[in-house]
file target_11.txt (compact mmCIF, C-alpha atoms)
# COMPACT_ATOMS: atom_id res chain seq x y z
CA ASP A 136 -13.52 4.59 -36.37
CA GLY A 137 -9.85 5.34 -35.92
CA GLY A 138 -7.98 3.91 -33.03
CA ILE A 139 -5.28 1.61 -31.74
CA THR A 140 -5.77 -2.13 -31.67
CA GLN A 141 -3.72 -4.30 -29.35
CA SER A 142 -3.76 -8.07 -29.37
CA PRO A 143 -4.03 -10.38 -27.65
CA LYS A 144 -5.94 -9.02 -24.67
CA TYR A 145 -4.47 -11.70 -22.39
CA LEU A 146 -1.22 -13.59 -22.90
CA PHE A 147 0.46 -16.30 -20.88
CA ARG A 148 4.17 -16.88 -21.21
CA LYS A 149 6.18 -19.85 -20.06
CA GLU A 150 9.63 -19.40 -18.58
CA GLY A 151 12.27 -18.94 -21.29
CA GLN A 152 9.76 -18.14 -24.01
CA ASN A 153 9.67 -15.08 -26.25
CA VAL A 154 6.27 -13.55 -26.96
CA THR A 155 5.17 -10.76 -29.28
CA LEU A 156 2.47 -8.22 -28.55
CA SER A 157 0.74 -6.64 -31.52
CA CYS A 158 -0.10 -2.93 -31.88
CA GLU A 159 -1.79 -1.46 -34.96
CA GLN A 160 -3.10 2.10 -35.41
CA ASN A 161 -5.18 3.67 -38.16
CA LEU A 162 -4.94 7.23 -36.86
CA ASN A 163 -2.11 8.17 -39.23
CA HIS A 164 -0.05 9.11 -36.17
CA ASP A 165 3.69 9.51 -36.59
CA ALA A 166 4.86 8.43 -33.16
CA MET A 167 4.15 5.19 -31.31
CA TYR A 168 5.07 4.06 -27.82
CA TRP A 169 5.11 1.03 -25.55
CA TYR A 170 4.46 1.50 -21.86
CA ARG A 171 4.39 -0.98 -19.02
CA GLN A 172 2.12 -0.58 -15.99
CA ASP A 173 2.52 -2.53 -12.75
CA PRO A 174 -0.21 -2.52 -10.08
CA GLY A 175 -0.48 0.79 -8.26
CA GLN A 176 2.24 2.37 -10.34
CA GLY A 177 2.51 4.87 -13.13
CA LEU A 178 3.36 4.00 -16.69
CA ARG A 179 6.99 3.40 -17.60
CA LEU A 180 8.31 3.81 -21.13
CA ILE A 181 9.82 0.75 -22.79
CA TYR A 182 10.43 1.91 -26.38
CA TYR A 183 9.20 4.60 -28.72
CA SER A 184 9.35 5.33 -32.43
CA GLN A 185 8.93 8.70 -34.07
CA ILE A 186 9.29 7.51 -37.64
CA VAL A 187 9.28 4.32 -39.66
CA ASN A 188 12.45 2.22 -39.39
CA ASP A 189 13.64 4.13 -36.35
CA PHE A 190 13.05 3.58 -32.64
CA GLN A 191 14.59 4.58 -29.33
CA LYS A 192 14.98 2.90 -25.95
CA GLY A 193 12.90 4.17 -23.12
CA ASP A 194 13.57 3.89 -19.41
CA ILE A 195 13.13 0.11 -19.09
CA ALA A 196 14.12 -1.36 -22.48
CA GLU A 197 16.15 -4.29 -21.18
CA GLY A 198 14.60 -7.62 -22.16
CA TYR A 199 12.37 -6.09 -24.83
CA SER A 200 12.68 -5.50 -28.57
CA VAL A 201 10.58 -3.65 -31.16
CA SER A 202 10.35 -2.98 -34.88
CA ARG A 203 8.69 -0.24 -36.93
CA GLU A 204 8.53 -1.47 -40.51
CA LYS A 205 5.22 0.24 -41.23
CA LYS A 206 3.75 3.48 -39.91
CA GLU A 207 0.70 1.63 -38.67
CA SER A 208 2.43 -1.14 -36.76
CA PHE A 209 4.73 -1.26 -33.73
CA PRO A 210 5.01 -4.80 -32.30
CA LEU A 211 6.76 -5.47 -28.99
CA THR A 212 8.65 -8.69 -28.26
CA VAL A 213 9.14 -9.67 -24.64
CA THR A 214 12.23 -11.86 -24.60
CA SER A 215 13.34 -14.48 -22.11
CA ALA A 216 15.87 -11.93 -20.86
CA GLN A 217 13.04 -9.96 -19.24
CA LYS A 218 12.99 -11.53 -15.78
CA ASN A 219 9.77 -10.04 -14.47
CA PRO A 220 7.47 -9.59 -17.45
CA THR A 221 4.12 -9.96 -15.72
CA ALA A 222 2.42 -6.58 -16.24
CA PHE A 223 -0.15 -4.61 -18.22
CA TYR A 224 1.34 -3.45 -21.54
CA LEU A 225 -0.04 -0.38 -23.24
CA CYS A 226 0.64 0.81 -26.76
CA ALA A 227 0.07 4.49 -27.51
CA SER A 228 0.44 6.98 -30.31
CA THR A 229 0.63 10.74 -30.84
CA PRO A 230 0.01 12.76 -34.00
CA GLN A 231 3.41 14.42 -34.03
CA ARG A 232 6.80 13.16 -33.02
CA GLY A 233 6.17 13.68 -29.36
CA PRO A 234 3.45 14.13 -26.75
CA LEU A 235 4.16 17.78 -26.01
CA ASN A 236 1.06 19.33 -27.57
CA TYR A 237 -1.25 16.37 -27.83
CA GLY A 238 -2.13 13.71 -25.38
CA TYR A 239 -1.57 10.06 -26.00
CA THR A 240 -4.15 7.76 -27.54
CA PHE A 241 -3.86 4.34 -25.90
CA GLY A 242 -4.81 0.89 -27.05
CA SER A 243 -6.85 -1.31 -24.73
CA GLY A 244 -3.75 -3.10 -23.48
CA THR A 245 -2.38 -6.63 -23.17
CA ARG A 246 -2.12 -8.39 -19.82
CA LEU A 247 0.91 -10.65 -19.81
CA THR A 248 1.33 -13.30 -17.15
CA VAL A 249 4.25 -15.66 -16.66
CA VAL A 250 3.15 -19.20 -15.84
CA ARG B 345 11.92 11.81 -4.56
CA LYS B 346 9.78 10.98 -7.60
CA GLU B 347 9.67 13.41 -10.52
CA VAL B 348 5.88 13.45 -10.40
CA GLU B 349 3.96 12.78 -7.21
CA GLN B 350 0.30 12.22 -6.58
CA ASP B 351 -1.60 11.42 -3.38
CA PRO B 352 -2.64 7.81 -4.03
CA GLY B 353 -5.82 8.14 -1.99
CA PRO B 354 -8.22 6.52 -2.05
CA PHE B 355 -10.54 9.48 -1.94
CA ASN B 356 -13.99 8.30 -0.86
CA VAL B 357 -16.65 10.96 -1.39
CA PRO B 358 -20.47 11.03 -1.50
CA GLU B 359 -22.33 11.82 -4.67
CA GLY B 360 -22.58 15.54 -5.25
CA ALA B 361 -19.36 16.35 -3.42
CA THR B 362 -16.54 18.48 -4.75
CA VAL B 363 -13.13 16.83 -4.74
CA ALA B 364 -9.70 18.08 -5.74
CA PHE B 365 -6.48 16.26 -6.58
CA ASN B 366 -2.99 17.70 -6.79
CA CYS B 367 0.03 16.53 -8.71
CA THR B 368 3.46 17.99 -7.97
CA TYR B 369 6.41 17.87 -10.36
CA SER B 370 10.09 18.52 -9.79
CA ASN B 371 11.39 19.41 -13.27
CA SER B 372 11.04 23.15 -13.78
CA ALA B 373 11.58 22.65 -17.54
CA SER B 374 8.24 20.85 -17.83
CA GLN B 375 6.18 22.27 -20.67
CA SER B 376 2.85 20.52 -20.98
CA PHE B 377 0.51 18.80 -18.59
CA PHE B 378 -2.44 16.46 -18.89
CA TRP B 379 -4.93 14.59 -16.76
CA TYR B 380 -6.02 11.07 -17.72
CA ARG B 381 -8.75 8.88 -16.33
CA GLN B 382 -8.15 5.14 -15.96
CA ASP B 383 -10.94 2.73 -15.10
CA CYS B 384 -10.10 -0.54 -13.39
CA ARG B 385 -8.16 -2.85 -15.72
CA LYS B 386 -8.63 -0.51 -18.68
CA GLU B 387 -6.40 1.83 -20.62
CA PRO B 388 -5.93 5.50 -19.62
CA LYS B 389 -8.09 7.97 -21.51
CA LEU B 390 -7.29 11.63 -21.96
CA LEU B 391 -9.45 13.77 -19.71
CA MET B 392 -8.07 17.24 -20.29
CA SER B 393 -5.04 19.40 -20.92
CA VAL B 394 -3.84 21.79 -18.24
CA TYR B 395 -2.97 25.41 -18.97
CA SER B 396 -1.72 28.25 -16.80
CA SER B 397 -4.96 30.08 -17.49
CA GLY B 398 -6.99 27.12 -16.31
CA ASN B 399 -9.10 24.76 -18.31
CA GLU B 400 -12.74 23.93 -17.61
CA ASP B 401 -14.84 21.18 -19.15
CA GLY B 402 -18.24 20.83 -17.57
CA ARG B 403 -17.78 19.68 -13.98
CA PHE B 404 -14.02 19.36 -14.37
CA THR B 405 -11.50 22.16 -13.90
CA ALA B 406 -7.74 21.82 -14.30
CA GLN B 407 -5.20 24.37 -13.14
CA LEU B 408 -1.44 24.80 -13.41
CA ASN B 409 0.68 26.61 -10.83
CA ARG B 410 4.15 26.98 -12.32
CA ALA B 411 5.57 28.87 -9.36
CA SER B 412 4.77 26.05 -6.96
CA GLN B 413 5.15 23.34 -9.62
CA TYR B 414 1.87 21.56 -9.29
CA ILE B 415 -1.26 20.90 -11.30
CA SER B 416 -4.71 20.30 -9.91
CA LEU B 417 -7.97 18.69 -10.97
CA LEU B 418 -11.26 19.77 -9.43
CA ILE B 419 -14.40 17.69 -9.88
CA ARG B 420 -17.67 19.34 -8.90
CA ASP B 421 -20.98 17.56 -8.25
CA SER B 422 -19.33 14.12 -8.25
CA LYS B 423 -21.19 11.28 -9.98
CA LEU B 424 -20.91 7.55 -9.33
CA SER B 425 -19.44 7.28 -12.83
CA ASP B 426 -16.51 9.50 -11.83
CA SER B 427 -15.09 6.61 -9.79
CA ALA B 428 -11.74 5.83 -11.37
CA THR B 429 -8.01 6.43 -11.02
CA TYR B 430 -6.81 9.83 -12.21
CA LEU B 431 -3.29 10.04 -13.64
CA CYS B 432 -1.33 13.22 -14.20
CA VAL B 433 1.27 13.41 -16.96
CA VAL B 434 4.07 15.95 -17.18
CA ASN B 435 5.99 16.48 -20.43
CA THR B 436 9.29 18.25 -21.01
CA ASN B 437 10.01 20.05 -24.27
CA ALA B 438 12.42 17.22 -25.08
CA GLY B 439 9.37 15.00 -25.43
CA LYS B 440 9.85 13.06 -22.21
CA SER B 441 6.66 12.13 -20.37
CA THR B 442 6.48 11.25 -16.71
CA PHE B 443 3.31 9.68 -15.34
CA GLY B 444 2.16 9.95 -11.78
CA ASP B 445 1.15 6.77 -9.97
CA GLY B 446 -2.47 7.91 -9.94
CA THR B 447 -5.10 8.97 -7.41
CA THR B 448 -8.05 6.66 -6.84
CA LEU B 449 -11.50 8.20 -6.45
CA THR B 450 -14.56 6.32 -5.23
CA VAL B 451 -17.87 8.15 -5.32
CA LYS B 452 -20.49 6.56 -3.10
CA PRO B 453 -24.29 6.87 -3.18
call {"tool": "encode", "arguments": {"input": "target_11.txt", "output": "structure tokens"}}
result
Amino acid sequence: DGGITQSPKYLFRKEGQNVTLSCEQNLNHDAMYWYRQDPGQGLRLIYYSQIVNDFQKGDIAEGYSVSREKKESFPLTVTSAQKNPTAFYLCASTPQRGPLNYGYTFGSGTRLTVV
Amino acid sequence: RKEVEQDPGPFNVPEGATVAFNCTYSNSASQSFFWYRQDCRKEPKLLMSVYSSGNEDGRFTAQLNRASQYISLLIRDSKLSDSATYLCVVNTNAGKSTFGDGTTLTVKP
């Protein structure tokens, strides 16, 4: 079955450490996204990519980095510059280069906690 | 003022009740609208698109009112399994999505 796979499901980060969250899709979708969700809040866009080797900053990109070397993969690195990284991170994709006509398909998420 | 606003609830209703949620948006250039369902500690899942003509899927009906800039979700004959948080999403034609903070529904026996 096609879908989006995120790993790990839970991740613990020490102060000053960089961590990378994995996101892989086999839906043949063009566009991929990273969202962050804090308790009781809506999703906020971190980065998105509409095509391989190209990506754009979202609303809260500071302290994060991404790459899009393959259509199927869009990993997110949370750097030590991100001062409040504890959150639920969701990877998503859409068939075309934007969500206008189709809804997002989400992965099952990664819960990141700073220890 | 937030671009997209939802009543956070919680809405506590008995089984079999009809419940409605609204979601207001401020950007008049918004082009497409969706409702998602999110279970506790899970990812959002697409529930339905919202059209000006209305969209019905079983017990669920979604409506768009462009003049007043809001969308609505109506759930008839509520089931225990409908308990979840319902998120609205508003998209502009530039491809920007804004998520509401969600409305929590609890259906009780």
call {"tool": "interface_residues", "arguments": {"input": "target_11.txt", "of": "chain B", "to": "chain A", "cutoff": "8 Å", "atoms": "all atoms listed in the file", "output": "list of chain:residue names"}}
result
B:Gln375, B:Ser376, B:Phe378, B:Lys386, B:Glu387, B:Pro388, B:Lys389, B:Leu390, B:Ser393, B:Leu431, B:Asn435, B:Thr436, B:Asn437, B:Gly439, B:Lys440, B:Ser441, B:Thr442, B:Phe443, B:Gly444, B:Asp445, B:Gly446
call {"tool": "closest_residue", "arguments": {"input": "target_11.txt", "among": "A:Glu150, A:Asp189, A:Glu204, A:Glu159", "to": "A:Ser228", "atoms": "only C-alpha atoms"}}
result
A:Glu159
call {"tool": "atom_distance", "arguments": {"input": "target_11.txt", "atom1": "atom CA of A:Ser202", "atom2": "atom CA of A:Phe147"}}
result
21.7 Å
call {"tool": "atom_distance", "arguments": {"input": "target_11.txt", "atom1": "atom CA of A:Thr221", "atom2": "atom CA of B:Thr450"}}
result
26.9 Å
call {"tool": "atom_distance", "arguments": {"input": "target_11.txt", "atom1": "atom CA of A:Lys149", "atom2": "atom CA of A:Phe209"}}
result
23.1 Å
call {"tool": "residues_around", "arguments": {"input": "target_11.txt", "residues": "B:Gln350", "least_positions_apart": "4", "cutoff": "12 Å", "atoms": "all atoms listed in the file", "output": "VMD selection string"}}
result
(chain A and resid 175 to 177) or (chain B and resid 345 to 346 354 364 to 369 379 414 to 417 429 to 434 442 to 448)
call {"tool": "write_last_selection", "arguments": {"input": "target_11.txt", "atoms": "C-alpha atoms", "output": "CSV table (one decimal), keeping the file's coordinate frame"}}
result
chain,number,residue,atom,x,y,z
A,175,GLY,CA,-0.5,0.8,-8.3
A,176,GLN,CA,2.2,2.4,-10.3
A,177,GLY,CA,2.5,4.9,-13.1
B,345,ARG,CA,11.9,11.8,-4.6
B,346,LYS,CA,9.8,11.0,-7.6
B,354,PRO,CA,-8.2,6.5,-2.0
B,364,ALA,CA,-9.7,18.1,-5.7
B,365,PHE,CA,-6.5,16.3,-6.6
B,366,ASN,CA,-3.0,17.7,-6.8
B,367,CYS,CA,0.0,16.5,-8.7
B,368,THR,CA,3.5,18.0,-8.0
B,369,TYR,CA,6.4,17.9,-10.4
B,379,TRP,CA,-4.9,14.6,-16.8
B,414,TYR,CA,1.9,21.6,-9.3
B,415,ILE,CA,-1.3,20.9,-11.3
B,416,SER,CA,-4.7,20.3,-9.9
B,417,LEU,CA,-8.0,18.7,-11.0
B,429,THR,CA,-8.0,6.4,-11.0
B,430,TYR,CA,-6.8,9.8,-12.2
B,431,LEU,CA,-3.3,10.0,-13.6
B,432,CYS,CA,-1.3,13.2,-14.2
B,433,VAL,CA,1.3,13.4,-17.0
B,434,VAL,CA,4.1,16.0,-17.2
B,442,THR,CA,6.5,11.2,-16.7
B,443,PHE,CA,3.3,9.7,-15.3
B,444,GLY,CA,2.2,10.0,-11.8
B,445,ASP,CA,1.2,6.8,-10.0
B,446,GLY,CA,-2.5,7.9,-9.9
B,447,THR,CA,-5.1,9.0,-7.4
B,448,THR,CA,-8.0,6.7,-6.8
call {"tool": "closest_residue", "arguments": {"input": "target_11.txt", "among": "B:Leu424, B:Leu449, B:Ile419, B:Ala438", "to": "B:Glu359", "atoms": "all atoms listed in the file"}}
result
B:Leu424
call {"tool": "residues_around", "arguments": {"input": "target_11.txt", "residues": "A:Gln217", "least_positions_apart": "5", "cutoff": "10 Å", "atoms": "all atoms listed in the file", "output": "JSON, numbers by chain"}}
result
{"A": [151, 153, 196, 197, 198, 199]}
call {"tool": "residues_around", "arguments": {"input": "target_11.txt", "residues": "B:Lys423", "least_positions_apart": "4", "cutoff": "8 Å", "atoms": "all atoms listed in the file", "output": "MDAnalysis selection string"}}
result
chainID B and resid 359:360 427 451
call {"tool": "residues_near_point", "arguments": {"input": "target_11.txt", "point": "(6.7, -6.9, -27.5)", "cutoff": "7 Å", "atoms": "only C-alpha atoms", "output": "list in words"}}
result
Val154, Thr155, Leu156, Tyr199, Ser200, Val201, Pro210, Leu211, Thr212 and Val213 of chain A
call {"tool": "residues_around", "arguments": {"input": "target_11.txt", "residues": "B:Asn399", "least_positions_apart": "2", "cutoff": "12 Å", "atoms": "only C-alpha atoms", "output": "short mmCIF file (atom, residue, chain, number, x, y, z; two decimals) with C-alpha atoms, in the frame of the given file"}}
result
data_model
loop_
_atom_site.label_atom_id
_atom_site.label_comp_id
_atom_site.auth_asym_id
_atom_site.auth_seq_id
_atom_site.Cartn_x
_atom_site.Cartn_y
_atom_site.Cartn_z
CA PHE B 377 0.51 18.80 -18.59
CA PHE B 378 -2.44 16.46 -18.89
CA TRP B 379 -4.93 14.59 -16.76
CA LEU B 391 -9.45 13.77 -19.71
CA MET B 392 -8.07 17.24 -20.29
CA SER B 393 -5.04 19.40 -20.92
CA VAL B 394 -3.84 21.79 -18.24
CA TYR B 395 -2.97 25.41 -18.97
CA SER B 396 -1.72 28.25 -16.80
CA SER B 397 -4.96 30.08 -17.49
CA ASP B 401 -14.84 21.18 -19.15
CA GLY B 402 -18.24 20.83 -17.57
CA ARG B 403 -17.78 19.68 -13.98
CA PHE B 404 -14.02 19.36 -14.37
CA THR B 405 -11.50 22.16 -13.90
CA ALA B 406 -7.74 21.82 -14.30
CA GLN B 407 -5.20 24.37 -13.14
CA LEU B 408 -1.44 24.80 -13.41
CA ILE B 415 -1.26 20.90 -11.30
CA SER B 416 -4.71 20.30 -9.91
CA LEU B 417 -7.97 18.69 -10.97
CA LEU B 418 -11.26 19.77 -9.43
#
